[in-house]
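A.B. asks: File follows, start25.tsv with TSV, C-alpha atoms:
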```
chain	number	residue	atom	x	y	z
J	216	MET	CA	-234.46	-51.02	-77.61
J	217	ARG	CA	-230.82	-50.06	-77.41
J	218	ALA	CA	-230.88	-49.95	-73.63
J	219	GLU	CA	-232.23	-53.47	-73.56
J	220	ARG	CA	-229.50	-54.72	-75.82
J	221	ARG	CA	-226.86	-53.07	-73.70
J	222	LEU	CA	-228.30	-54.64	-70.55
J	223	LEU	CA	-228.28	-58.01	-72.23
J	224	ARG	CA	-224.65	-57.54	-73.15
J	225	ILE	CA	-223.77	-56.87	-69.51
J	226	GLY	CA	-225.70	-59.93	-68.41
J	227	GLU	CA	-224.03	-62.07	-71.02
J	228	TYR	CA	-220.65	-60.79	-69.96
J	229	LEU	CA	-221.35	-61.78	-66.34
J	230	ILE	CA	-222.51	-65.21	-67.40
J	231	ALA	CA	-219.47	-65.68	-69.58
J	232	ARG	CA	-217.32	-64.88	-66.56
J	233	ALA	CA	-219.23	-67.41	-64.50
J	234	CYS	CA	-218.88	-70.06	-67.18
J	235	ARG	CA	-215.14	-69.60	-67.33
J	236	ARG	CA	-214.94	-71.45	-64.04
J	237	LEU	CA	-216.83	-74.46	-65.30
J	238	PRO	CA	-215.20	-77.54	-66.80
J	239	ILE	CA	-214.74	-77.06	-70.49
J	240	GLU	CA	-217.26	-79.75	-71.52
J	241	THR	CA	-220.19	-78.07	-69.82
J	242	ARG	CA	-219.18	-74.46	-70.36
J	243	ASP	CA	-220.82	-73.88	-73.70
J	244	GLU	CA	-224.11	-75.53	-72.84
J	245	ARG	CA	-224.40	-73.65	-69.57
J	246	TYR	CA	-223.69	-70.39	-71.30
J	247	ARG	CA	-226.43	-71.01	-73.84
J	248	GLU	CA	-228.88	-72.02	-71.16
J	249	TRP	CA	-228.30	-69.04	-68.91
J	250	ALA	CA	-228.01	-66.49	-71.69
J	251	ALA	CA	-231.35	-67.66	-73.07
J	252	GLU	CA	-233.03	-66.81	-69.76
J	253	LEU	CA	-231.92	-63.18	-69.85
J	254	PRO	CA	-234.38	-61.86	-72.46
J	255	ALA	CA	-237.13	-63.85	-70.78
J	256	ILE	CA	-236.44	-62.09	-67.49
J	257	LEU	CA	-236.33	-58.69	-69.18
J	258	ARG	CA	-239.77	-59.38	-70.66
J	259	ASP	CA	-241.27	-61.07	-67.64
J	260	PRO	CA	-244.93	-60.03	-67.67
J	261	ASP	CA	-245.27	-60.59	-63.91
J	262	THR	CA	-242.93	-57.73	-63.05
J	263	ARG	CA	-244.34	-54.37	-63.96
J	264	LEU	CA	-241.42	-51.99	-63.54
J	265	ALA	CA	-238.83	-52.15	-66.29
J	266	ALA	CA	-236.09	-51.11	-63.85
J	267	HIS	CA	-237.10	-53.92	-61.54
J	268	ARG	CA	-236.86	-56.41	-64.38
J	269	ALA	CA	-233.42	-55.09	-65.31
J	270	VAL	CA	-232.19	-55.45	-61.73
J	271	ARG	CA	-233.55	-58.98	-61.60
J	272	MET	CA	-231.84	-59.87	-64.82
J	273	LEU	CA	-228.50	-58.56	-63.59
J	274	ARG	CA	-228.98	-60.30	-60.27
J	275	TYR	CA	-229.68	-63.52	-62.08
J	276	ALA	CA	-226.51	-63.13	-64.16
J	277	ALA	CA	-224.42	-62.24	-61.12
J	278	GLY	CA	-225.92	-65.18	-59.24
J	279	THR	CA	-224.47	-67.58	-61.76
J	280	ILE	CA	-221.02	-66.33	-60.77
J	281	TRP	CA	-221.72	-67.24	-57.15
J	282	GLY	CA	-223.09	-70.55	-58.27
J	283	THR	CA	-219.92	-71.46	-60.11
J	284	ALA	CA	-217.58	-70.12	-57.44
J	285	LEU	CA	-217.09	-73.61	-56.08
J	286	ALA	CA	-216.44	-75.27	-59.39
J	287	GLY	CA	-212.73	-74.50	-59.24
J	288	GLY	CA	-210.74	-72.26	-61.52
J	289	ASN	CA	-209.28	-68.94	-60.54
J	290	ALA	CA	-211.31	-66.31	-62.32
J	291	ARG	CA	-211.78	-64.30	-59.13
J	292	ARG	CA	-208.16	-63.84	-58.29
J	293	PRO	CA	-206.76	-62.09	-61.37
J	294	MET	CA	-209.67	-59.67	-61.42
J	295	ALA	CA	-209.22	-58.71	-57.76
J	296	HIS	CA	-205.52	-58.46	-58.40
J	297	THR	CA	-205.88	-56.11	-61.33
J	298	ALA	CA	-208.35	-53.92	-59.43
J	299	TYR	CA	-205.93	-53.84	-56.52
J	300	ARG	CA	-203.00	-52.68	-58.61
J	301	ALA	CA	-205.09	-50.16	-60.52
J	302	GLY	CA	-206.49	-48.75	-57.28
J	303	GLN	CA	-203.06	-48.46	-55.80
J	304	PHE	CA	-201.89	-46.61	-58.83
J	305	ILE	CA	-204.84	-44.20	-58.82
J	306	ILE	CA	-204.66	-43.37	-55.12
J	307	GLY	CA	-200.91	-43.16	-55.21
J	308	GLY	CA	-201.11	-40.87	-58.20
J	309	LEU	CA	-203.68	-38.62	-56.52
J	310	VAL	CA	-201.56	-38.11	-53.44
J	311	PHE	CA	-198.63	-37.52	-55.68
J	312	ASP	CA	-200.51	-34.85	-57.63
J	313	ILE	CA	-201.66	-33.04	-54.52
J	314	TRP	CA	-198.28	-32.94	-52.87
J	315	THR	CA	-195.80	-32.35	-55.60
J	316	ARG	CA	-194.73	-29.27	-57.37
J	317	PRO	CA	-193.30	-30.30	-60.71
J	318	ASN	CA	-189.61	-29.81	-61.31
J	319	THR	CA	-188.67	-29.87	-57.63
J	320	PRO	CA	-185.80	-32.08	-56.57
J	321	LEU	CA	-188.15	-33.94	-54.22
J	322	TYR	CA	-190.35	-35.02	-57.13
J	323	TRP	CA	-189.44	-38.68	-56.96
J	324	ILE	CA	-189.53	-38.80	-53.18
J	325	TYR	CA	-193.10	-37.52	-53.21
J	326	PHE	CA	-193.88	-40.03	-55.90
J	327	GLY	CA	-192.58	-42.79	-53.67
J	328	ILE	CA	-194.47	-41.55	-50.61
J	329	GLY	CA	-197.68	-41.20	-52.62
J	330	ASN	CA	-197.45	-44.70	-53.91
J	331	PHE	CA	-196.63	-46.07	-50.49
J	332	LEU	CA	-199.68	-44.40	-48.94
J	333	GLY	CA	-201.79	-45.68	-51.79
J	334	PHE	CA	-200.47	-49.13	-51.15
J	335	LEU	CA	-201.29	-48.92	-47.42
J	336	ALA	CA	-204.83	-47.70	-48.10
J	337	LEU	CA	-205.44	-50.45	-50.59
J	338	SER	CA	-204.00	-53.08	-48.30
J	339	GLY	CA	-206.48	-52.00	-45.65
J	340	CYS	CA	-209.34	-52.21	-48.14
J	341	SER	CA	-208.33	-55.59	-49.42
J	342	PHE	CA	-207.94	-56.89	-45.87
J	343	ALA	CA	-211.48	-55.79	-45.07
J	344	TYR	CA	-212.70	-57.25	-48.35
J	345	ARG	CA	-211.08	-60.57	-47.67
J	346	ARG	CA	-212.60	-60.82	-44.21
J	347	TRP	CA	-215.97	-60.12	-45.69
J	348	ARG	CA	-215.50	-62.50	-48.58
J	349	GLY	CA	-214.23	-65.23	-46.30
J	350	LYS	CA	-217.57	-65.13	-44.58
J	351	GLY	CA	-219.49	-65.04	-47.84
J	352	LEU	CA	-217.65	-68.02	-49.16
J	353	GLY	CA	-218.40	-69.79	-45.91
J	354	ASP	CA	-222.09	-69.49	-46.70
J	355	LYS	CA	-221.43	-70.84	-50.17
J	356	LEU	CA	-219.59	-73.74	-48.65
J	357	THR	CA	-222.54	-74.45	-46.41
J	358	GLU	CA	-224.78	-74.59	-49.44
J	359	ALA	CA	-222.35	-76.82	-51.25
J	360	PHE	CA	-222.25	-79.17	-48.31
J	361	GLU	CA	-226.00	-79.34	-48.18
J	362	ALA	CA	-226.11	-80.14	-51.87
J	363	ARG	CA	-223.42	-82.71	-51.30
J	364	ALA	CA	-225.24	-84.28	-48.39
J	365	PHE	CA	-228.10	-84.68	-50.78
J	366	ALA	CA	-226.15	-86.10	-53.70
J	367	GLY	CA	-223.79	-88.19	-51.62
J	368	PRO	CA	-220.00	-88.23	-51.56
J	369	ALA	CA	-219.98	-88.27	-55.37
J	370	ILE	CA	-219.33	-84.55	-55.04
J	371	GLY	CA	-215.90	-84.32	-53.48
J	372	MET	CA	-215.33	-81.03	-51.73
J	373	ALA	CA	-211.60	-81.61	-51.71
J	374	GLY	CA	-211.65	-82.34	-55.42
J	375	HIS	CA	-213.38	-79.04	-56.02
J	376	ILE	CA	-211.55	-76.69	-53.81
J	377	ALA	CA	-208.45	-78.23	-52.28
J	378	GLY	CA	-205.88	-75.52	-51.92
J	379	SER	CA	-208.45	-72.87	-52.70
J	380	PHE	CA	-210.19	-72.22	-49.40
J	381	PRO	CA	-210.05	-68.55	-48.46
J	382	ARG	CA	-206.63	-67.67	-47.14
J	383	HIS	CA	-205.20	-64.98	-44.93
J	384	LYS	CA	-202.35	-63.24	-46.63
J	385	LEU	CA	-201.14	-61.76	-43.38
J	386	GLY	CA	-202.48	-62.96	-40.07
J	387	PRO	CA	-203.04	-66.26	-38.35
J	388	GLY	CA	-204.50	-69.11	-40.37
J	389	TYR	CA	-204.35	-72.89	-40.49
J	390	ARG	CA	-201.47	-74.38	-42.41
J	391	ALA	CA	-202.93	-75.19	-45.81
J	392	ALA	CA	-200.98	-78.40	-46.45
J	393	GLU	CA	-202.09	-79.93	-43.14
J	394	VAL	CA	-205.71	-79.03	-43.76
J	395	ASP	CA	-205.66	-80.33	-47.32
J	396	GLU	CA	-204.20	-83.61	-46.19
J	397	PHE	CA	-206.72	-83.99	-43.40
J	398	ILE	CA	-209.62	-83.27	-45.74
J	399	ALA	CA	-208.27	-85.75	-48.26
J	400	ARG	CA	-208.34	-88.37	-45.51
J	401	ILE	CA	-211.92	-87.49	-44.61
J	402	GLU	CA	-212.90	-87.76	-48.24
J	403	ALA	CA	-211.23	-91.14	-48.45
J	404	THR	CA	-213.11	-92.28	-45.37
J	405	LEU	CA	-216.44	-91.07	-46.72
J	406	SER	CA	-215.94	-92.74	-50.06
J	407	GLY	CA	-214.83	-95.96	-48.38
J	408	HIS	CA	-211.30	-95.92	-49.77
J	409	ALA	CA	-209.46	-95.35	-46.51
J	410	ARG	CA	-207.49	-98.12	-44.88
J	411	PRO	CA	-208.89	-98.85	-41.40
J	412	ALA	CA	-205.89	-97.26	-39.71
J	413	GLN	CA	-206.33	-94.11	-41.78
J	414	ALA	CA	-210.10	-93.81	-41.35
J	415	ILE	CA	-211.35	-90.74	-39.55
J	416	THR	CA	-214.27	-90.44	-37.17
J	417	ALA	CA	-216.39	-87.47	-36.30
J	418	ALA	CA	-214.59	-87.28	-32.95
J	419	ASP	CA	-211.27	-86.96	-34.78
J	420	VAL	CA	-212.65	-84.06	-36.75
J	421	GLN	CA	-213.87	-82.35	-33.59
J	422	ALA	CA	-210.53	-82.83	-31.88
J	423	VAL	CA	-208.16	-82.02	-34.73
J	424	LYS	CA	-205.71	-79.17	-34.25
J	425	PHE	CA	-203.75	-77.50	-36.99
J	426	ASN	CA	-200.58	-75.51	-36.75
J	427	VAL	CA	-200.98	-71.82	-37.31
J	428	THR	CA	-199.07	-69.90	-39.89
J	429	TRP	CA	-198.92	-66.14	-40.22
J	430	HIS	CA	-198.78	-66.06	-43.95
J	431	GLY	CA	-201.07	-67.73	-46.47
J	432	GLY	CA	-202.98	-69.88	-43.99
J	433	TYR	CA	-206.62	-70.87	-44.39
J	434	ASP	CA	-209.25	-68.68	-42.76
J	435	GLU	CA	-210.10	-70.41	-39.47
J	436	ARG	CA	-213.76	-69.48	-39.44
J	437	VAL	CA	-214.41	-70.94	-42.86
J	438	MET	CA	-212.40	-74.06	-42.13
J	439	ASP	CA	-214.17	-74.60	-38.82
J	440	GLU	CA	-217.45	-74.47	-40.63
J	441	VAL	CA	-216.22	-76.89	-43.27
J	442	LEU	CA	-214.95	-79.29	-40.62
J	443	ASP	CA	-218.21	-79.11	-38.69
J	444	HIS	CA	-220.02	-80.19	-41.81
J	445	TYR	CA	-217.62	-83.05	-42.31
J	446	ALA	CA	-218.15	-84.12	-38.71
J	447	ASP	CA	-221.91	-84.15	-39.28
J	448	GLU	CA	-221.45	-86.14	-42.43
J	449	LEU	CA	-219.20	-88.69	-40.75
J	450	ASP	CA	-221.76	-88.95	-37.99
J	451	GLY	CA	-224.41	-89.80	-40.55
J	452	GLY	CA	-226.26	-86.64	-39.53
J	453	LEU	CA	-226.48	-85.52	-43.13
J	454	ALA	CA	-227.53	-88.75	-44.73
J	455	PRO	CA	-227.46	-89.03	-48.50
J	456	PHE	CA	-230.73	-88.84	-50.35
J	457	PRO	CA	-232.55	-92.21	-50.43
J	458	SER	CA	-232.24	-92.68	-54.19
J	459	THR	CA	-228.49	-93.17	-53.85
J	460	THR	CA	-229.19	-96.31	-51.87
J	461	ALA	CA	-232.27	-97.42	-53.81
J	462	ASP	CA	-232.28	-101.01	-54.87
J	463	ASP	CA	-232.84	-100.44	-58.59
L	58	MET	CA	-233.27	-82.37	-46.89
L	59	THR	CA	-232.47	-78.69	-47.08
L	60	VAL	CA	-235.03	-75.95	-47.30
L	61	PRO	CA	-233.96	-74.74	-50.78
L	62	LEU	CA	-234.20	-78.28	-52.08
L	63	GLU	CA	-237.59	-78.72	-50.53
L	64	ARG	CA	-238.79	-75.55	-52.21
L	65	VAL	CA	-237.51	-76.64	-55.59
L	66	LEU	CA	-239.22	-80.00	-55.29
L	67	LEU	CA	-242.43	-78.30	-54.22
L	68	ALA	CA	-242.25	-76.00	-57.21
L	69	PHE	CA	-241.84	-79.02	-59.46
L	70	LEU	CA	-244.63	-80.92	-57.76
L	71	ASP	CA	-247.09	-78.08	-58.27
L	72	ASP	CA	-247.76	-79.71	-61.59
L	73	PRO	CA	-245.16	-82.37	-62.38
L	74	THR	CA	-246.15	-82.59	-66.05
L	75	VAL	CA	-245.32	-78.97	-66.84
L	76	PRO	CA	-241.72	-78.32	-67.94
L	77	ARG	CA	-240.16	-75.48	-65.95
L	78	TYR	CA	-237.53	-72.97	-66.99
L	79	GLY	CA	-234.73	-71.97	-64.66
L	80	TYR	CA	-236.04	-68.48	-64.05
L	81	ASP	CA	-239.52	-69.82	-63.56
L	82	LEU	CA	-238.24	-72.14	-60.83
L	83	MET	CA	-236.28	-69.34	-59.21
L	84	LYS	CA	-239.45	-67.31	-58.89
L	85	ALA	CA	-241.56	-70.22	-57.71
L	86	ALA	CA	-238.99	-71.39	-55.16
L	87	GLY	CA	-237.69	-67.95	-54.20
L	88	LEU	CA	-234.08	-68.96	-54.79
L	89	LYS	CA	-231.08	-67.28	-56.32
L	90	SER	CA	-229.68	-68.55	-59.59
L	91	GLY	CA	-226.46	-69.42	-57.82
L	92	THR	CA	-228.32	-71.79	-55.53
L	93	LEU	CA	-230.78	-73.20	-57.98
L	94	TYR	CA	-228.54	-74.27	-60.84
L	95	PRO	CA	-226.03	-76.32	-58.86
L	96	MET	CA	-229.00	-78.06	-57.26
L	97	LEU	CA	-230.63	-78.75	-60.61
L	98	SER	CA	-227.47	-80.21	-62.05
L	99	ARG	CA	-227.11	-82.51	-59.06
L	100	LEU	CA	-230.73	-83.58	-59.31
L	101	GLU	CA	-230.06	-84.25	-62.96
L	102	ASP	CA	-226.99	-86.34	-62.15
L	103	GLU	CA	-229.21	-88.33	-59.81
L	104	ARG	CA	-231.67	-88.82	-62.68
L	105	LEU	CA	-234.47	-87.30	-60.65
L	106	VAL	CA	-234.79	-84.41	-63.04
L	107	THR	CA	-234.50	-84.39	-66.80
L	108	SER	CA	-233.86	-81.40	-69.02
L	109	ALA	CA	-234.44	-80.61	-72.66
L	110	TRP	CA	-233.94	-77.69	-75.00
L	111	GLU	CA	-237.07	-76.07	-76.34
L	112	THR	CA	-237.47	-76.12	-80.11
L	113	PRO	CA	-236.00	-72.98	-81.69
L	114	GLN	CA	-238.51	-70.17	-82.06
L	115	GLN	CA	-239.24	-68.15	-85.18
L	116	ASP	CA	-238.33	-64.80	-83.63
L	117	GLY	CA	-234.60	-65.48	-83.39
L	118	GLN	CA	-234.62	-65.89	-79.61
L	119	ARG	CA	-232.17	-68.37	-78.17
L	120	PRO	CA	-233.88	-71.64	-77.24
L	121	ARG	CA	-234.32	-72.04	-73.47
L	122	LYS	CA	-233.66	-75.13	-71.46
L	123	TYR	CA	-236.45	-76.57	-69.39
L	124	TYR	CA	-236.52	-79.06	-66.55
L	125	ARG	CA	-239.00	-81.69	-65.49
L	126	LEU	CA	-239.10	-84.35	-62.76
L	127	THR	CA	-238.63	-87.90	-63.99
L	128	GLY	CA	-241.06	-90.60	-62.90
L	129	GLU	CA	-238.56	-91.69	-60.28
L	130	GLY	CA	-238.09	-88.05	-59.33
L	131	ILE	CA	-241.78	-87.52	-58.70
L	132	ARG	CA	-241.93	-90.62	-56.54
L	133	VAL	CA	-238.84	-89.71	-54.51
L	134	ALA	CA	-239.82	-86.06	-54.16
L	135	ARG	CA	-243.30	-86.87	-52.85
L	136	LEU	CA	-241.90	-89.41	-50.45
L	137	GLU	CA	-239.22	-87.06	-49.18
L	138	ILE	CA	-241.54	-84.13	-48.70
L	139	ALA	CA	-244.13	-86.25	-46.94
L	140	GLN	CA	-241.39	-87.49	-44.65
L	141	VAL	CA	-240.02	-84.03	-43.93
L	142	TRP	CA	-243.45	-82.69	-43.12
L	143	ALA	CA	-244.25	-85.65	-40.93
L	144	ASP	CA	-240.99	-85.27	-39.01
L	145	ARG	CA	-241.19	-81.54	-38.64
L	146	PRO	CA	-242.31	-80.42	-35.22
L	147	ARG	CA	-245.17	-77.98	-35.30
L	148	ALA	CA	-243.22	-74.83	-36.03
L	149	PRO	CA	-244.79	-71.41	-36.14
L	150	GLY	CA	-245.57	-70.45	-39.71
L	151	ARG	CA	-246.14	-72.69	-42.62
L	152	PRO	CA	-243.50	-75.13	-43.80
L	153	GLY	CA	-241.29	-74.53	-46.77
L	154	ARG	CA	-243.70	-72.98	-49.18
L	155	PRO	CA	-242.35	-69.61	-50.30
L	156	VAL	CA	-244.33	-66.46	-50.71
L	157	PRO	CA	-245.37	-66.26	-54.37
L	158	GLY	CA	-243.22	-63.89	-56.33
L	159	SER	CA	-240.51	-63.67	-53.70
L	160	LEU	CA	-237.08	-63.82	-55.22
L	161	GLY	CA	-233.63	-64.10	-53.73
```
Now that the file is in, can you turn its structure into structure tokens?
C.D. replies:
Amino acid sequence: MRAERRLLRIGEYLIARACRRLPIETRDERYREWAAELPAILRDPDTRLAAHRAVRMLRYAAGTIWGTALAGGNARRPMAHTAYRAGQFIIGGLVFDIWTRPNTPLYWIYFGIGNFLGFLALSGCSFAYRRWRGKGLGDKLTEAFEARAFAGPAIGMAGHIAGSFPRHKLGPGYRAAEVDEFIARIEATLSGHARPAQAITAADVQAVKFNVTWHGGYDERVMDEVLDHYADELDGGLAPFPSTTADD
Amino acid sequence: MTVPLERVLLAFLDDPTVPRYGYDLMKAAGLKSGTLYPMLSRLEDERLVTSAWETPQQDGQRPRKYYRLTGEGIRVARLEIAQVWADRPRAPGRPGRPVPGSLG
């Protein structure tokens, strides 16, 4: 059963990564809970194919990472960053190997060109990745908003992810500080802490305009989705679950 | 109420006395772990669902955590689902209920 143990190790690694984003008080318990499900999935009698069970187990483990993506923390960034640098190095090195003859005077020039091309290629990849991930995170945000509409404003989106909406490194995006401030005001309105002059209505959310920045701004598509949800919430369209207003 | 939430509640209501494990619920509701667990923890915060660790087994397996609707949870869930189904216009296909065994 060595293969099984190795699979479990991979699953546990993924879960550990997911748990790193959780607040420290809940981390350990969550890890134990999720890790305990892994062997159960691997031995699920309802699924006949062992490979199918393995895929399910890994999908389960990977799913926990998505589930904790909104809980704050920055586990995603350093990993992407490391992969980016390593990729740049590998591609740069390959080009360098193909083009250079050792001991030529142009050795270092080729080295520079190789690394530059590697950098360009990787920039392109990471740009595409970020566009794709921006969309993916948008879906996650939608889910989070639905969960929030259910649990009530107790779950503050701004508290979770202020400053950490997907950004555009290069290219037009909303100015982060303006958006953060606006969302903080919406949150204050929803939780009833806003002064009347500061309170925001759904119409305000529909009409708001942010300045555009060309570096480090928030992805417009994601933010538009977020703001639409807030508008619905302010409208009372996504009413909290009845138990939050129960009379007990 | 959202469709994933409705499915989870339906899975619980199948037999509200039976404690359900996370994976079990995923299968029954056809949800991904990343969707299910945040929902469960919110339901738990709302005291509609309660969880407990199973007693440690002899075979050295880690104990699993199981979830169950509270009395209040059963009441609210039934009410909510009845309301959703009453409000829902006659859509093609059956409401909410996932295909058994469908996952993520």
A.B. asks: What is the distance, in Å and to one decimal place, between atom CA of L:Thr59 and atom CA of J:Asp439?
C.D. replies: 20.5 Å
A.B. asks: Which neighbours of L:Arg125 fall inside 9 Å, counting only C-alpha atoms, when residues of the same chain fewer than 3 positions from it are skipped, and could you give them as a list in words?
C.D. replies: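 Once the adjacent positions are removed, what remains is Phe69, Pro73, Thr74, Val75, Pro76, Arg77, Tyr78, Leu105, Val106, Thr107, Ser108, Ala109 and Gly130 of chain L.
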A.B. asks: Give me, as a list in words, the contact residues of chain L against chain J at a cut-off of 7 Å, counting all atoms listed in the file.
C.D. replies: Met58, Thr59, Tyr80, Lys89, Ser90, Gly91, Thr92, Pro95, Met96, Arg99, Arg119, Pro120, Arg121 and Lys122 of chain L
A.B. asks: Kindly give the distance, in Å, that separates atom CA of J:Thr241 and atom CA of L:Leu88, rounded to a single decimal.
C.D. replies: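 Distance between the two atoms: 22.4 Å.
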A.B. asks: Could you tell me which of J:Gly333, J:Leu257, J:Tyr389, J:Cys234 comes closest to J:Arg220 if we count only C-alpha atoms?
C.D. replies: J:Leu257
A.B. asks: Just the number, please: distance in Å from atom CA of J:Ala336 to atom CA of J:Lys384, one decimal.
C.D. replies: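 Answer for the atom CA of J:Ala336 to atom CA of J:Lys384 separation: 15.8 Å.
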A.B. asks: Using all atoms listed in the file, which residues sit within 9 Å of L:Leu66 once same-chain residues fewer than 6 positions away are excluded, as a ChimeraX atom specification?
C.D. replies: /L:86,126,131,134-135,138
A.B. asks: Which residue, J:Leu273, J:Ala343, J:Ile328, J:Ala422, has the smallest gap to J:Ile230 when you use all atoms listed in the file?
C.D. replies: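 Among J:Leu273, J:Ala343, J:Ile328, J:Ala422, it is J:Leu273 that comes nearest to J:Ile230.
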A.B. asks: Quick one: axis-aligned box around all listed atoms of stretch 255-267 of chain J, 4 Å on every side, centre and edge lengths in Å to one decimal, written as JSON.
C.D. replies:
```
{"center_x": -240.7, "center_y": -57.5, "center_z": -66.2, "size_x": 17.2, "size_y": 20.7, "size_z": 17.2}
```
A.B. asks: How would stretch 80-91 of chain L read, as a PDB file, keeping the file's coordinate frame, once N, CA and C atoms are built in?
C.D. replies:
```
ATOM      1  N   TYR L  80    -235.581 -69.705 -64.685  1.00  0.00           N
ATOM      2  CA  TYR L  80    -236.040 -68.480 -64.050  1.00  0.00           C
ATOM      3  C   TYR L  80    -237.395 -68.676 -63.379  1.00  0.00           C
ATOM      4  N   ASP L  81    -238.219 -69.454 -64.058  1.00  0.00           N
ATOM      5  CA  ASP L  81    -239.520 -69.820 -63.560  1.00  0.00           C
ATOM      6  C   ASP L  81    -239.403 -70.488 -62.178  1.00  0.00           C
ATOM      7  N   LEU L  82    -238.467 -71.428 -62.088  1.00  0.00           N
ATOM      8  CA  LEU L  82    -238.240 -72.140 -60.830  1.00  0.00           C
ATOM      9  C   LEU L  82    -237.706 -71.214 -59.764  1.00  0.00           C
ATOM     10  N   MET L  83    -236.824 -70.293 -60.178  1.00  0.00           N
ATOM     11  CA  MET L  83    -236.280 -69.340 -59.210  1.00  0.00           C
ATOM     12  C   MET L  83    -237.406 -68.543 -58.567  1.00  0.00           C
ATOM     13  N   LYS L  84    -238.335 -68.103 -59.410  1.00  0.00           N
ATOM     14  CA  LYS L  84    -239.450 -67.310 -58.890  1.00  0.00           C
ATOM     15  C   LYS L  84    -240.328 -68.163 -57.984  1.00  0.00           C
ATOM     16  N   ALA L  85    -240.636 -69.361 -58.464  1.00  0.00           N
ATOM     17  CA  ALA L  85    -241.560 -70.220 -57.710  1.00  0.00           C
ATOM     18  C   ALA L  85    -240.941 -70.624 -56.376  1.00  0.00           C
ATOM     19  N   ALA L  86    -239.623 -70.889 -56.379  1.00  0.00           N
ATOM     20  CA  ALA L  86    -238.990 -71.390 -55.160  1.00  0.00           C
ATOM     21  C   ALA L  86    -238.374 -70.257 -54.342  1.00  0.00           C
ATOM     22  N   GLY L  87    -238.298 -69.052 -54.922  1.00  0.00           N
ATOM     23  CA  GLY L  87    -237.690 -67.950 -54.200  1.00  0.00           C
ATOM     24  C   GLY L  87    -236.210 -68.155 -53.955  1.00  0.00           C
ATOM     25  N   LEU L  88    -235.511 -68.678 -54.955  1.00  0.00           N
ATOM     26  CA  LEU L  88    -234.080 -68.960 -54.790  1.00  0.00           C
ATOM     27  C   LEU L  88    -233.266 -68.099 -55.742  1.00  0.00           C
ATOM     28  N   LYS L  89    -231.990 -67.975 -55.420  1.00  0.00           N
ATOM     29  CA  LYS L  89    -231.080 -67.280 -56.320  1.00  0.00           C
ATOM     30  C   LYS L  89    -230.580 -68.246 -57.380  1.00  0.00           C
ATOM     31  N   SER L  90    -230.166 -67.678 -58.513  1.00  0.00           N
ATOM     32  CA  SER L  90    -229.680 -68.550 -59.590  1.00  0.00           C
ATOM     33  C   SER L  90    -228.474 -69.359 -59.130  1.00  0.00           C
ATOM     34  N   GLY L  91    -227.655 -68.734 -58.285  1.00  0.00           N
ATOM     35  CA  GLY L  91    -226.460 -69.420 -57.820  1.00  0.00           C
ATOM     36  C   GLY L  91    -226.751 -70.617 -56.920  1.00  0.00           C
TER      37      GLY L  91
END
```
